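Undergrad: I'd like to ask you about the structure that follows.
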2 protein chains.
Amino acid sequence: MSTTVSALDQMIHKLSGRSALTGEDKEAILSLPHTIRSYHAATYVVREGEPPPNHCSFIRSGFAVRQKITAQGARQIMSLHLVGDFIDLEHLFLNIADHNVQALTELEVVAIDRRALESLVLARPNIARALWIDALVDASIYREWVTNVGRRAAPARIAHVLCEVALRMQAAGVSTNGGFELPLTQEQLADAVGLTPVHVNRTLKALVADGILHRDKRYISFTDWNRTKEVADFNALYLHLEQAKPA
Amino acid sequence: MSTTVSALDQMIHKLSGRSALTGEDKEAILSLPHTIRSYHAATYVVREGEPPPNHCSFIRSGFAVRQKITAQGARQIMSLHLVGDFIDLEHLFLNIADHNVQALTELEVVAIDRRALESLVLARPNIARALWIDALVDASIYREWVTNVGRRAAPARIAHVLCEVALRMQAAGVSTNGGFELPLTQEQLADAVGLTPVHVNRTLKALVADGILHRDKRYISFTDWNRTKEVADFNALYLHLEQAKPA
DNA sequence: CGCCAAATTGACTCCCTTCAAGAGTAGTGG
DNA sequence: CCACTACTCTTGAAGGGAGTCAATTTGGCG
């Protein structure tokens, strides 16, 4: 089932940042049965209401979102995912998907055999801790998004998501310091912040007019990070980027 | 440190519903160092930005909420918690609190020594699975709330939270079938759904006028559950109440 | 009985939505 | 190489749902 030696190195790299792994841990990870899968933009990777696939995936390249559709047909995106992110860790232990995961761009994932990962996690505390932390950080991001969508006005709401994307892309080594290529259409951004595309468009223009950010197509850059953070009411704490390795 | 023999039985009961526990698992849980703590209504149990306390708690009686306050002073509640719920499981592995946990009513919790719980979890797969599932269900609820606050109109939004509370109280054995005592003021309900107290008041009245629900003070009951679910765009899937025990 | 928080109601305002049309922009194929 | 097509982005005008401000009523409780 194994295809590339290096595919799982990415996972080791990610987890090492969150929990100290022993040589044995790393070897165990490298021996996980896995395949590499590709999805075209807009394809569903996980569907709400369906039983979980027999594998758990993390992103090798590209972007994905989690989303739900209401009965009225409105879509809400509840998180964005980029290189290195696990996209269906919830299926490790829950036996039915409660939301959709959709490819945002061309997407490549490393799909790990679910049972093997489950055994590994339950047998190896360091790996369990690292993956658990990953899930906890995801939950923290959801909490922030509830706040963002529930209590911030349009400009702050949009700026907040942009701040998050900027920081996470930087942390993942995807963006240069100057700015980043937003992997979302304005309609998708609207679905992420709970607004209409029209209002997102107007608000983005207003943010540019106020000198909060620059835009060139979907390439976003901030003039003054501190000012942007202020407008966005952004506090990076919830991303737990500094999560220290335990003693 | 142990005070009552039965305090941890509640934890065993809760976890048994999610993962099969052996006699050894149960004994290990019962021997966890713990204390019982009480908080008055409105007291903070966990504060954003602070390092975690050296214990993890679950609710013995009463209600609590998770919330954040924006720079503009607006409060957003992102989850409600009742008997049996763990309220700071995130601190098992994250070393700084990213949100507040606040007592909603008089609150009694069982506070378990953090290090001891951590060791237990990493040593006992069944317990790890059960607690992990607990965290995953919390995350699922956050996702639903992002959708609720981001994409539903006021009536559905409010009805949705009421549906969730009704089901969870019933699952926890706190409410009778006929209805339930909502442990929230209208202002707190407003903070949970991202609206103003005034609008929550008006919308509640409209829901009553439309025959969707009955109200007697804070005692809520539904006339027609199916109709309420429809108005609320409510699908209980996300609560994972049926989460089967693994083989 | 009096105090104070919670619930209620009215009138006015405004942020965001809705509807609709036009302008870029990228990919495709003849 | 350029027309064709389908998104995506942009802009205008008008309407509505929710917010704001403020006053009144209700209800729990010492």
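Chains: A, B, ... in order of the structure tokens. Residues: from 1 per chain. Ligands: from 1, in order shown.
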At a cut-off of 8 Å, using only C-alpha atoms (C1' of nucleotides), what residues contact region 73-90 of chain B? Leave out same-chain residues fewer than 3 positions from it and give the result as a ChimeraX atom specification.

TA: /A:136,143,146-147,150-151 /B:10-11,14,46,56-70,93-94,101,135,141-142,145,169,172,188,191-194

Undergrad: Contacts from chain B to chain C, 9 Å maximum, only C-alpha atoms (C1' of nucleotides): show me the residue list as a PyMOL selection string.

TA: chain B and resi 185-187+198+201-202

Undergrad: Using only C-alpha atoms (C1' of nucleotides), which protein or nucleic acid residues come within 12 Å of Glu27 (chain A)? Drop anything in the same chain fewer than 2 positions from it, and give the result as a ChimeraX atom specification.

TA: /A:5,8-9,11-12,21-25,29-32,120,124,127

Undergrad: Out of region 91-127 of chain A, which residues get strand (DSSP E or B) from DSSP, as a list in words?

TA: Asn100, Val101, Gln102, Ala103, Leu107, Glu108, Val109, Val110, Ala111, Ile112 and Asp113 of chain A

Undergrad: Let me make sure I understand: among B:Ala28, B:Ala190, B:Leu239, B:Ala111, which one has the smallest atom-to-atom distance to Cys163 (chain B) if we use only C-alpha atoms?

TA: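 Residue with the minimum atom-to-atom distance to Cys163 (chain B): B:Leu239.
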
Undergrad: Restrict the distance test to only C-alpha atoms (C1' of nucleotides), flag each residue of chain D within 12 Å of chain B, and return the flagged residues as a list in words.

TA: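 Every residue of chain D that passes the 12 Å test is in DG17, DA18, DG19, DT20, DC21, DT26, DG27 and DG28 of chain D.
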
Undergrad: Could you check the closest approach to chain B for each of A:Ile112, A:Ile96, A:Ile212, A:Ile36 and tell me which residue wins, using only C-alpha atoms?

TA: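 The closest residue to chain B is A:Ile96.
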
Undergrad: CA of Ala116 (chain B) to CA of Leu241 (chain B): how many Å, to one decimal?

TA: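 Result for CA of Ala116 (chain B) versus CA of Leu241 (chain B): 28.1 Å, one decimal.
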